[in-house]
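File shown: start29.pdb (PDB, C-alpha atoms, pLDDT in the B column).
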ATOM      1  CA  MET O   1     -11.960 -52.987  28.597  1.00 58.00           C
ATOM      2  CA  PRO O   2     -14.228 -50.261  27.338  1.00 67.00           C
ATOM      3  CA  VAL O   3     -12.537 -47.153  26.199  1.00 71.00           C
ATOM      4  CA  ALA O   4     -13.517 -44.162  28.229  1.00 69.00           C
ATOM      5  CA  PRO O   5     -15.110 -41.416  26.187  1.00 69.00           C
ATOM      6  CA  PRO O   6     -12.665 -38.612  25.670  1.00 71.00           C
ATOM      7  CA  THR O   7     -13.133 -35.996  28.254  1.00 73.00           C
ATOM      8  CA  ARG O   8     -12.284 -32.527  27.236  1.00 77.00           C
ATOM      9  CA  LYS O   9     -11.335 -29.960  29.747  1.00 80.00           C
ATOM     10  CA  PRO O  10     -12.920 -26.644  28.902  1.00 82.00           C
ATOM     11  CA  ARG O  11     -10.091 -24.516  27.634  1.00 82.00           C
ATOM     12  CA  PRO O  12     -10.008 -20.874  28.538  1.00 79.00           C
ATOM     13  CA  VAL O  13     -10.655 -18.616  25.611  1.00 80.00           C
ATOM     14  CA  TYR O  14      -9.084 -15.242  26.001  1.00 78.00           C
ATOM     15  CA  LEU O  15      -9.014 -13.015  23.007  1.00 78.00           C
ATOM     16  CA  ASP O  16      -9.037  -9.515  24.387  1.00 81.00           C
ATOM     17  CA  LEU O  17      -6.841  -7.942  21.729  1.00 79.00           C
ATOM     18  CA  THR O  18      -6.473  -4.763  23.721  1.00 80.00           C
ATOM     19  CA  SER O  19      -4.729  -6.476  26.626  1.00 81.00           C
ATOM     20  CA  ILE O  20      -2.826  -9.260  24.898  1.00 83.00           C
ATOM     21  CA  ARG O  21       0.740  -8.172  24.356  1.00 86.00           C
ATOM     22  CA  GLN O  22       1.223  -8.524  20.611  1.00 87.00           C
ATOM     23  CA  PRO O  23       4.504  -9.922  19.297  1.00 91.00           C
ATOM     24  CA  LEU O  24       6.473  -7.554  17.069  1.00 94.00           C
ATOM     25  CA  PRO O  25       5.653  -9.337  13.771  1.00 94.00           C
ATOM     26  CA  ALA O  26       1.951  -8.986  14.630  1.00 94.00           C
ATOM     27  CA  VAL O  27       2.398  -5.256  15.206  1.00 94.00           C
ATOM     28  CA  VAL O  28       4.182  -4.875  11.865  1.00 96.00           C
ATOM     29  CA  SER O  29       1.444  -6.914  10.207  1.00 95.00           C
ATOM     30  CA  ILE O  30      -1.491  -4.860  11.476  1.00 95.00           C
ATOM     31  CA  LEU O  31       0.403  -1.657  10.678  1.00 97.00           C
ATOM     32  CA  HIS O  32       0.855  -3.017   7.143  1.00 97.00           C
ATOM     33  CA  ARG O  33      -2.933  -3.202   6.882  1.00 97.00           C
ATOM     34  CA  ILE O  34      -3.578   0.163   8.458  1.00 97.00           C
ATOM     35  CA  SER O  35      -0.955   1.869   6.297  1.00 98.00           C
ATOM     36  CA  GLY O  36      -2.428   0.228   3.190  1.00 98.00           C
ATOM     37  CA  ALA O  37      -5.921   1.478   4.003  1.00 98.00           C
ATOM     38  CA  LEU O  38      -4.552   4.977   4.700  1.00 98.00           C
ATOM     39  CA  LEU O  39      -2.790   5.015   1.350  1.00 98.00           C
ATOM     40  CA  PHE O  40      -5.957   3.923  -0.447  1.00 98.00           C
ATOM     41  CA  ALA O  41      -8.165   6.526   1.231  1.00 97.00           C
ATOM     42  CA  PHE O  42      -5.797   9.525   1.471  1.00 96.00           C
ATOM     43  CA  GLY O  43      -2.431   8.734  -0.091  1.00 97.00           C
ATOM     44  CA  ILE O  44      -3.563   8.160  -3.684  1.00 97.00           C
ATOM     45  CA  PRO O  45      -5.817  11.246  -3.930  1.00 96.00           C
ATOM     46  CA  LEU O  46      -3.105  13.410  -2.373  1.00 93.00           C
ATOM     47  CA  LEU O  47      -0.558  12.037  -4.827  1.00 93.00           C
ATOM     48  CA  LEU O  48      -2.835  12.777  -7.793  1.00 94.00           C
ATOM     49  CA  CYS O  49      -3.674  16.215  -6.418  1.00 90.00           C
ATOM     50  CA  THR O  50       0.009  17.032  -5.988  1.00 88.00           C
ATOM     51  CA  VAL O  51       0.863  16.033  -9.536  1.00 89.00           C
ATOM     52  CA  ALA O  52      -2.199  17.784 -10.985  1.00 89.00           C
ATOM     53  CA  THR O  53      -1.518  21.167  -9.399  1.00 87.00           C
ATOM     54  CA  SER O  54       2.248  21.037  -9.679  1.00 84.00           C
ATOM     55  CA  VAL O  55       2.333  20.253 -13.394  1.00 84.00           C
ATOM     56  CA  ALA O  56      -0.428  22.751 -14.273  1.00 83.00           C
ATOM     57  CA  SER O  57       1.655  25.910 -13.756  1.00 84.00           C
ATOM     58  CA  ALA O  58       4.426  27.335 -11.624  1.00 82.00           C
ATOM     59  CA  GLU O  59       1.856  29.536  -9.826  1.00 86.00           C
ATOM     60  CA  ALA O  60      -0.446  26.625  -9.051  1.00 83.00           C
ATOM     61  CA  TYR O  61       2.582  24.729  -7.814  1.00 78.00           C
ATOM     62  CA  ALA O  62       3.583  27.599  -5.541  1.00 82.00           C
ATOM     63  CA  ARG O  63      -0.010  27.884  -4.265  1.00 83.00           C
ATOM     64  CA  PHE O  64      -0.114  24.178  -3.542  1.00 78.00           C
ATOM     65  CA  LYS O  65       3.228  24.350  -1.750  1.00 77.00           C
ATOM     66  CA  GLY O  66       1.858  27.164   0.392  1.00 83.00           C
ATOM     67  CA  LEU O  67      -1.224  25.102   1.125  1.00 82.00           C
ATOM     68  CA  ILE O  68       0.789  22.131   2.341  1.00 78.00           C
ATOM     69  CA  GLY O  69       3.213  24.346   4.218  1.00 82.00           C
ATOM     70  CA  SER O  70       1.072  24.578   7.349  1.00 87.00           C
ATOM     71  CA  PRO O  71       2.138  22.446  10.338  1.00 88.00           C
ATOM     72  CA  LEU O  72      -1.073  20.396  10.196  1.00 89.00           C
ATOM     73  CA  ALA O  73      -0.639  19.643   6.490  1.00 89.00           C
ATOM     74  CA  LYS O  74       2.972  18.688   7.098  1.00 91.00           C
ATOM     75  CA  LEU O  75       1.860  16.299   9.808  1.00 92.00           C
ATOM     76  CA  VAL O  76      -0.634  14.689   7.420  1.00 93.00           C
ATOM     77  CA  LEU O  77       2.099  14.422   4.783  1.00 93.00           C
ATOM     78  CA  LEU O  78       4.433  12.773   7.271  1.00 95.00           C
ATOM     79  CA  VAL O  79       1.821  10.251   8.367  1.00 97.00           C
ATOM     80  CA  LEU O  80       1.196   9.325   4.732  1.00 97.00           C
ATOM     81  CA  ALA O  81       4.921   9.188   4.012  1.00 96.00           C
ATOM     82  CA  TRP O  82       5.311   6.859   6.969  1.00 98.00           C
ATOM     83  CA  ALA O  83       2.391   4.760   5.645  1.00 98.00           C
ATOM     84  CA  TYR O  84       4.130   4.450   2.274  1.00 98.00           C
ATOM     85  CA  LEU O  85       7.499   3.578   3.796  1.00 97.00           C
ATOM     86  CA  HIS O  86       6.102   1.095   6.279  1.00 98.00           C
ATOM     87  CA  HIS O  87       3.993  -0.565   3.618  1.00 98.00           C
ATOM     88  CA  LEU O  88       7.042  -0.729   1.326  1.00 98.00           C
ATOM     89  CA  PHE O  89       9.433  -2.232   3.880  1.00 97.00           C
ATOM     90  CA  ALA O  90       6.885  -4.613   5.404  1.00 97.00           C
ATOM     91  CA  GLY O  91       5.928  -5.606   1.860  1.00 97.00           C
ATOM     92  CA  ILE O  92       9.528  -6.367   0.891  1.00 97.00           C
ATOM     93  CA  ARG O  93       9.732  -8.455   4.069  1.00 97.00           C
ATOM     94  CA  HIS O  94       6.650 -10.364   2.848  1.00 95.00           C
ATOM     95  CA  LEU O  95       8.280 -11.023  -0.526  1.00 96.00           C
ATOM     96  CA  PHE O  96      11.323 -12.513   1.207  1.00 96.00           C
ATOM     97  CA  ALA O  97       9.033 -14.681   3.331  1.00 95.00           C
ATOM     98  CA  ASP O  98       7.294 -15.871   0.141  1.00 93.00           C
ATOM     99  CA  ALA O  99      10.707 -16.995  -1.098  1.00 94.00           C
ATOM    100  CA  HIS O 100      11.190 -18.834   2.229  1.00 94.00           C
ATOM    101  CA  VAL O 101      13.922 -16.467   3.272  1.00 93.00           C
ATOM    102  CA  GLY O 102      14.027 -15.649   6.980  1.00 91.00           C
ATOM    103  CA  VAL O 103      10.943 -17.523   8.063  1.00 91.00           C
ATOM    104  CA  ASP O 104      12.301 -18.967  11.312  1.00 93.00           C
ATOM    105  CA  LEU O 105      11.146 -17.148  14.409  1.00 92.00           C
ATOM    106  CA  PRO O 106      14.335 -15.251  15.334  1.00 93.00           C
ATOM    107  CA  SER O 107      14.812 -13.962  11.752  1.00 94.00           C
ATOM    108  CA  ALA O 108      11.127 -13.100  11.437  1.00 94.00           C
ATOM    109  CA  ARG O 109      11.327 -11.069  14.635  1.00 95.00           C
ATOM    110  CA  ARG O 110      14.505  -9.391  13.499  1.00 96.00           C
ATOM    111  CA  SER O 111      13.148  -8.488  10.048  1.00 96.00           C
ATOM    112  CA  ALA O 112       9.922  -7.164  11.631  1.00 96.00           C
ATOM    113  CA  ALA O 113      12.011  -4.890  13.835  1.00 97.00           C
ATOM    114  CA  ILE O 114      14.109  -3.793  10.843  1.00 97.00           C
ATOM    115  CA  ALA O 115      11.022  -2.926   8.746  1.00 97.00           C
ATOM    116  CA  LEU O 116       9.417  -1.021  11.623  1.00 97.00           C
ATOM    117  CA  VAL O 117      12.551   0.935  12.544  1.00 97.00           C
ATOM    118  CA  LEU O 118      13.620   1.627   8.956  1.00 97.00           C
ATOM    119  CA  ALA O 119      10.224   3.166   8.143  1.00 97.00           C
ATOM    120  CA  LEU O 120      10.366   5.330  11.269  1.00 97.00           C
ATOM    121  CA  VAL O 121      13.951   6.441  10.647  1.00 97.00           C
ATOM    122  CA  CYS O 122      13.173   7.397   7.031  1.00 96.00           C
ATOM    123  CA  THR O 123      10.056   9.272   8.196  1.00 96.00           C
ATOM    124  CA  ILE O 124      12.089  11.179  10.775  1.00 96.00           C
ATOM    125  CA  ALA O 125      14.711  12.023   8.149  1.00 95.00           C
ATOM    126  CA  LEU O 126      11.919  13.337   5.918  1.00 91.00           C
ATOM    127  CA  ALA O 127      10.473  15.328   8.822  1.00 92.00           C
ATOM    128  CA  ALA O 128      13.871  16.922   9.352  1.00 92.00           C
ATOM    129  CA  ARG O 129      13.862  17.979   5.684  1.00 86.00           C
ATOM    130  CA  LEU O 130      10.280  19.256   5.801  1.00 81.00           C
ATOM    131  CA  TRP O 131      10.906  21.489   8.794  1.00 79.00           C
TER     132      TRP O 131
ATOM    133  CA  MET C   1     -15.211 -41.872 -18.445  1.00 56.00           C
ATOM    134  CA  SER C   2     -15.467 -40.162 -15.119  1.00 64.00           C
ATOM    135  CA  ALA C   3     -17.529 -37.082 -14.607  1.00 67.00           C
ATOM    136  CA  PRO C   4     -15.527 -33.898 -14.207  1.00 71.00           C
ATOM    137  CA  VAL C   5     -14.660 -33.436 -10.579  1.00 72.00           C
ATOM    138  CA  LYS C   6     -16.092 -30.307  -9.125  1.00 68.00           C
ATOM    139  CA  SER C   7     -13.653 -28.659  -6.782  1.00 71.00           C
ATOM    140  CA  PRO C   8     -15.267 -28.617  -3.355  1.00 69.00           C
ATOM    141  CA  VAL C   9     -13.795 -25.368  -2.134  1.00 74.00           C
ATOM    142  CA  GLY C  10     -13.060 -21.842  -3.102  1.00 75.00           C
ATOM    143  CA  ALA C  11     -13.893 -19.357  -5.783  1.00 74.00           C
ATOM    144  CA  HIS C  12     -10.433 -19.826  -7.337  1.00 76.00           C
ATOM    145  CA  TYR C  13      -9.413 -16.208  -7.423  1.00 79.00           C
ATOM    146  CA  GLY C  14      -7.324 -16.598  -4.279  1.00 84.00           C
ATOM    147  CA  LEU C  15      -4.103 -17.761  -5.916  1.00 88.00           C
ATOM    148  CA  ARG C  16      -4.489 -15.416  -8.872  1.00 90.00           C
ATOM    149  CA  ASP C  17      -4.954 -12.468  -6.528  1.00 93.00           C
ATOM    150  CA  TRP C  18      -2.057 -13.596  -4.363  1.00 93.00           C
ATOM    151  CA  VAL C  19       0.241 -13.669  -7.394  1.00 94.00           C
ATOM    152  CA  ALA C  20      -1.128 -10.362  -8.714  1.00 96.00           C
ATOM    153  CA  GLN C  21      -0.546  -8.729  -5.335  1.00 96.00           C
ATOM    154  CA  ARG C  22       3.141  -9.741  -5.472  1.00 96.00           C
ATOM    155  CA  LEU C  23       3.712  -8.833  -9.112  1.00 97.00           C
ATOM    156  CA  THR C  24       2.096  -5.406  -8.719  1.00 98.00           C
ATOM    157  CA  ALA C  25       4.220  -4.902  -5.599  1.00 98.00           C
ATOM    158  CA  LEU C  26       7.368  -5.560  -7.616  1.00 97.00           C
ATOM    159  CA  VAL C  27       6.276  -3.061 -10.275  1.00 98.00           C
ATOM    160  CA  MET C  28       5.751  -0.426  -7.584  1.00 98.00           C
ATOM    161  CA  ILE C  29       9.130  -1.141  -5.978  1.00 97.00           C
ATOM    162  CA  LEU C  30      10.797  -0.609  -9.357  1.00 97.00           C
ATOM    163  CA  TYR C  31       8.938   2.658  -9.952  1.00 97.00           C
ATOM    164  CA  THR C  32       9.857   3.872  -6.474  1.00 96.00           C
ATOM    165  CA  ALA C  33      13.503   3.057  -7.216  1.00 96.00           C
ATOM    166  CA  LEU C  34      13.193   4.976 -10.497  1.00 94.00           C
ATOM    167  CA  TRP C  35      11.981   8.052  -8.600  1.00 92.00           C
ATOM    168  CA  LEU C  36      14.793   7.733  -6.110  1.00 92.00           C
ATOM    169  CA  VAL C  37      17.302   7.691  -8.959  1.00 92.00           C
ATOM    170  CA  VAL C  38      15.667  10.728 -10.628  1.00 89.00           C
ATOM    171  CA  LEU C  39      15.697  12.717  -7.379  1.00 86.00           C
ATOM    172  CA  LEU C  40      19.241  11.772  -6.435  1.00 86.00           C
ATOM    173  CA  TRP C  41      20.469  12.416  -9.974  1.00 86.00           C
ATOM    174  CA  HIS C  42      19.030  15.941 -10.105  1.00 82.00           C
ATOM    175  CA  GLY C  43      19.255  16.684  -6.395  1.00 79.00           C
ATOM    176  CA  GLY C  44      15.778  18.232  -6.324  1.00 74.00           C
ATOM    177  CA  LEU C  45      13.822  19.533  -9.292  1.00 77.00           C
ATOM    178  CA  ASP C  46      12.897  23.078 -10.265  1.00 80.00           C
ATOM    179  CA  TYR C  47       9.696  23.792 -12.158  1.00 83.00           C
ATOM    180  CA  PRO C  48      11.011  23.529 -15.768  1.00 86.00           C
ATOM    181  CA  GLN C  49      12.740  20.215 -14.976  1.00 86.00           C
ATOM    182  CA  TRP C  50       9.595  18.994 -13.255  1.00 85.00           C
ATOM    183  CA  LYS C  51       7.447  19.967 -16.219  1.00 86.00           C
ATOM    184  CA  ALA C  52       9.877  18.357 -18.688  1.00 89.00           C
ATOM    185  CA  LEU C  53       9.888  15.150 -16.674  1.00 88.00           C
ATOM    186  CA  TRP C  54       6.106  14.871 -16.941  1.00 89.00           C
ATOM    187  CA  SER C  55       6.002  15.578 -20.655  1.00 89.00           C
ATOM    188  CA  GLY C  56       8.305  12.654 -21.492  1.00 90.00           C
ATOM    189  CA  ASN C  57       6.387   9.773 -23.002  1.00 92.00           C
ATOM    190  CA  ALA C  58       8.491   7.027 -21.397  1.00 93.00           C
ATOM    191  CA  PHE C  59       7.921   8.607 -17.998  1.00 93.00           C
ATOM    192  CA  ARG C  60       4.182   8.878 -18.612  1.00 94.00           C
ATOM    193  CA  VAL C  61       3.926   5.243 -19.626  1.00 96.00           C
ATOM    194  CA  ALA C  62       5.995   4.168 -16.608  1.00 96.00           C
ATOM    195  CA  THR C  63       3.705   6.228 -14.377  1.00 96.00           C
ATOM    196  CA  PHE C  64       0.626   4.716 -15.954  1.00 97.00           C
ATOM    197  CA  VAL C  65       1.972   1.196 -15.438  1.00 98.00           C
ATOM    198  CA  PHE C  66       2.735   2.108 -11.815  1.00 98.00           C
ATOM    199  CA  MET C  67      -0.753   3.535 -11.239  1.00 98.00           C
ATOM    200  CA  SER C  68      -2.423   0.497 -12.804  1.00 98.00           C
ATOM    201  CA  ALA C  69      -0.383  -1.773 -10.554  1.00 98.00           C
ATOM    202  CA  LEU C  70      -1.176   0.422  -7.565  1.00 98.00           C
ATOM    203  CA  LEU C  71      -4.936   0.432  -8.171  1.00 98.00           C
ATOM    204  CA  TRP C  72      -5.074  -3.327  -8.764  1.00 98.00           C
ATOM    205  CA  HIS C  73      -2.972  -3.887  -5.637  1.00 98.00           C
ATOM    206  CA  ALA C  74      -5.256  -1.568  -3.660  1.00 98.00           C
ATOM    207  CA  TRP C  75      -8.338  -3.491  -4.793  1.00 98.00           C
ATOM    208  CA  ILE C  76      -6.908  -6.821  -3.614  1.00 97.00           C
ATOM    209  CA  GLY C  77      -5.867  -5.342  -0.281  1.00 97.00           C
ATOM    210  CA  MET C  78      -9.098  -3.467   0.372  1.00 97.00           C
ATOM    211  CA  ARG C  79     -11.188  -6.499  -0.523  1.00 96.00           C
ATOM    212  CA  ASN C  80      -9.134  -8.629   1.868  1.00 96.00           C
ATOM    213  CA  ILE C  81      -9.682  -6.092   4.635  1.00 97.00           C
ATOM    214  CA  LEU C  82     -13.441  -5.887   3.977  1.00 97.00           C
ATOM    215  CA  MET C  83     -13.761  -9.685   3.819  1.00 95.00           C
ATOM    216  CA  ASP C  84     -12.013  -9.997   7.178  1.00 95.00           C
ATOM    217  CA  TYR C  85     -13.842  -7.355   9.161  1.00 95.00           C
ATOM    218  CA  ILE C  86     -17.250  -6.690   7.587  1.00 96.00           C
ATOM    219  CA  LYS C  87     -19.446  -9.711   8.145  1.00 95.00           C
ATOM    220  CA  PRO C  88     -22.936  -8.665   6.959  1.00 97.00           C
ATOM    221  CA  PHE C  89     -23.081  -9.548   3.276  1.00 95.00           C
ATOM    222  CA  GLY C  90     -25.052  -6.541   2.059  1.00 97.00           C
ATOM    223  CA  ILE C  91     -22.843  -3.966   3.765  1.00 97.00           C
ATOM    224  CA  ARG C  92     -19.700  -5.724   2.570  1.00 97.00           C
ATOM    225  CA  ILE C  93     -20.852  -5.803  -1.045  1.00 97.00           C
ATOM    226  CA  ALA C  94     -21.879  -2.160  -0.842  1.00 98.00           C
ATOM    227  CA  LEU C  95     -18.475  -1.168   0.548  1.00 98.00           C
ATOM    228  CA  GLN C  96     -16.662  -3.249  -2.068  1.00 97.00           C
ATOM    229  CA  GLY C  97     -18.711  -1.492  -4.730  1.00 98.00           C
ATOM    230  CA  ALA C  98     -17.721   1.858  -3.231  1.00 98.00           C
ATOM    231  CA  VAL C  99     -14.045   0.858  -3.289  1.00 98.00           C
ATOM    232  CA  ILE C 100     -14.328  -0.122  -6.957  1.00 98.00           C
ATOM    233  CA  ALA C 101     -16.041   3.171  -7.776  1.00 98.00           C
ATOM    234  CA  VAL C 102     -13.270   5.113  -6.021  1.00 98.00           C
ATOM    235  CA  LEU C 103     -10.556   3.106  -7.794  1.00 98.00           C
ATOM    236  CA  VAL C 104     -12.170   3.665 -11.205  1.00 98.00           C
ATOM    237  CA  GLY C 105     -12.321   7.361 -10.330  1.00 98.00           C
ATOM    238  CA  TYR C 106      -8.600   7.346  -9.468  1.00 98.00           C
ATOM    239  CA  LEU C 107      -7.877   5.634 -12.794  1.00 97.00           C
ATOM    240  CA  GLY C 108      -9.850   8.213 -14.777  1.00 97.00           C
ATOM    241  CA  TRP C 109      -8.096  11.012 -12.895  1.00 96.00           C
ATOM    242  CA  THR C 110      -4.720   9.430 -13.661  1.00 96.00           C
ATOM    243  CA  ILE C 111      -5.452   9.138 -17.381  1.00 95.00           C
ATOM    244  CA  SER C 112      -6.718  12.705 -17.636  1.00 94.00           C
ATOM    245  CA  LEU C 113      -3.628  13.909 -15.753  1.00 92.00           C
ATOM    246  CA  LEU C 114      -1.218  12.054 -18.003  1.00 93.00           C
ATOM    247  CA  TRP C 115      -2.799  12.559 -21.398  1.00 90.00           C
ATOM    248  CA  GLY C 116      -5.642  15.041 -21.205  1.00 83.00           C
ATOM    249  CA  GLY C 117      -5.975  18.778 -21.005  1.00 62.00           C
ATOM    250  CA  PRO C 118      -3.521  21.655 -21.064  1.00 53.00           C
ATOM    251  CA  ALA C 119      -1.607  20.243 -18.095  1.00 45.00           C
ATOM    252  CA  ALA C 120      -0.318  17.392 -20.198  1.00 43.00           C
TER     253      ALA C 120
END
Would you mind giving the structure from this file in structure tokens?
Amino acid sequence: MPVAPPTRKPRPVYLDLTSIRQPLPAVVSILHRISGALLFAFGIPLLLCTVATSVASAEAYARFKGLIGSPLAKLVLLVLAWAYLHHLFAGIRHLFADAHVGVDLPSARRSAAIALVLALVCTIALAARLW
Amino acid sequence: MSAPVKSPVGAHYGLRDWVAQRLTALVMILYTALWLVVLLWHGGLDYPQWKALWSGNAFRVATFVFMSALLWHAWIGMRNILMDYIKPFGIRIALQGAVIAVLVGYLGWTISLLWGGPAA
């Protein structure tokens, strides 16, 4: 009996990222990328600028502190602090995954939630100190 | 004798970069922990303490190691991002070149901060 050629049903392709509900690990993952890019573009120069002015003299340090004392500057600082914290915690989560620790789905979801929440809690604590 | 087998895939920097990304991450985690200890130990720093901290050679070397790790780590990450999202070859290469230029600039800035000028 001749074998029937395989028939393939056309599968629906639906990749509208804006309306697919992303699982939590995916959210943490894309935020890891975004935070990394933010740190590259704004975090590193701000860090260098802070050290440069603050070590130069007490007056320059005071001037710089005044400059970053405005609400807008504080907001920028907080966003970058969050970027650092999120990148740190999500990165540590990656290192555990590399060591095959917590790679099953429930643990991966739990650790994603922990990284996300920990970064936000630390950022809020920092915000409380800044204001 | 058989001819040397040419590997059919890859440019072979993938694994090296993957390892480097992890090792530099560990260096940065350690440096972050060091800062945490310094801040908790002193409970905030006034200007003379701050200045003294930055004039210590061990601290400068640690900071330089951290910054080197950071810039290498940033290169791997930024290149991954550009490879994923920027498809046209010319634009991607141009952007990668820009990233390298910025990173080299950061490195020069770091060195001049740590060891150059009256600030140091």
Closest-contact table, chain C side, partner chain O, 8 Å, counting only C-alpha atoms, as a Markdown table:
| residue | atom | partner | partner_atom | distance |
| --- | --- | --- | --- | --- |
| C:Arg22 | CA | O:Leu95 | CA | 7.2 |
| C:Ala25 | CA | O:Gly91 | CA | 7.7 |
| C:Ile29 | CA | O:Leu88 | CA | 7.6 |
| C:Tyr47 | CA | O:Ala58 | CA | 6.4 |
| C:Trp50 | CA | O:Val55 | CA | 7.4 |
| C:Lys51 | CA | O:Val55 | CA | 5.8 |
| C:Trp54 | CA | O:Val55 | CA | 7.5 |
| C:Ala74 | CA | O:Phe40 | CA | 6.4 |
| C:Gly77 | CA | O:Gly36 | CA | 7.4 |
| C:Met78 | CA | O:Ala37 | CA | 6.9 |
| C:Ile81 | CA | O:Arg33 | CA | 7.7 |
| C:Tyr106 | CA | O:Pro45 | CA | 7.3 |
| C:Trp109 | CA | O:Leu48 | CA | 7.5 |
| C:Thr110 | CA | O:Leu48 | CA | 7.0 |
| C:Leu113 | CA | O:Ala52 | CA | 6.3 |
| C:Pro118 | CA | O:Ala56 | CA | 7.5 |
| C:Ala119 | CA | O:Ala56 | CA | 4.7 |
| C:Ala120 | CA | O:Val55 | CA | 7.8 |
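Coordinates place atom CA of C:Val65 at a distance of 14.4 Å from atom CA of C:Gln21.
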What's around stretch 30-32 of chain O at 10 Å? Count only C-alpha atoms, leave out sequence neighbours fewer than 3 positions away in its own chain, and write the answer as a VMD selection string.
chain O and resid 25 to 27 35 to 38 83 to 91 116
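Of note, atom CA of O:Leu72 and atom CA of O:Leu46 are spaced 14.5 Å apart.
Closest approach to O:Val28 among O:Ala115, O:Ser70, O:Gly102, O:Arg11 is made by O:Ala115 (distances from all atoms listed in the file).
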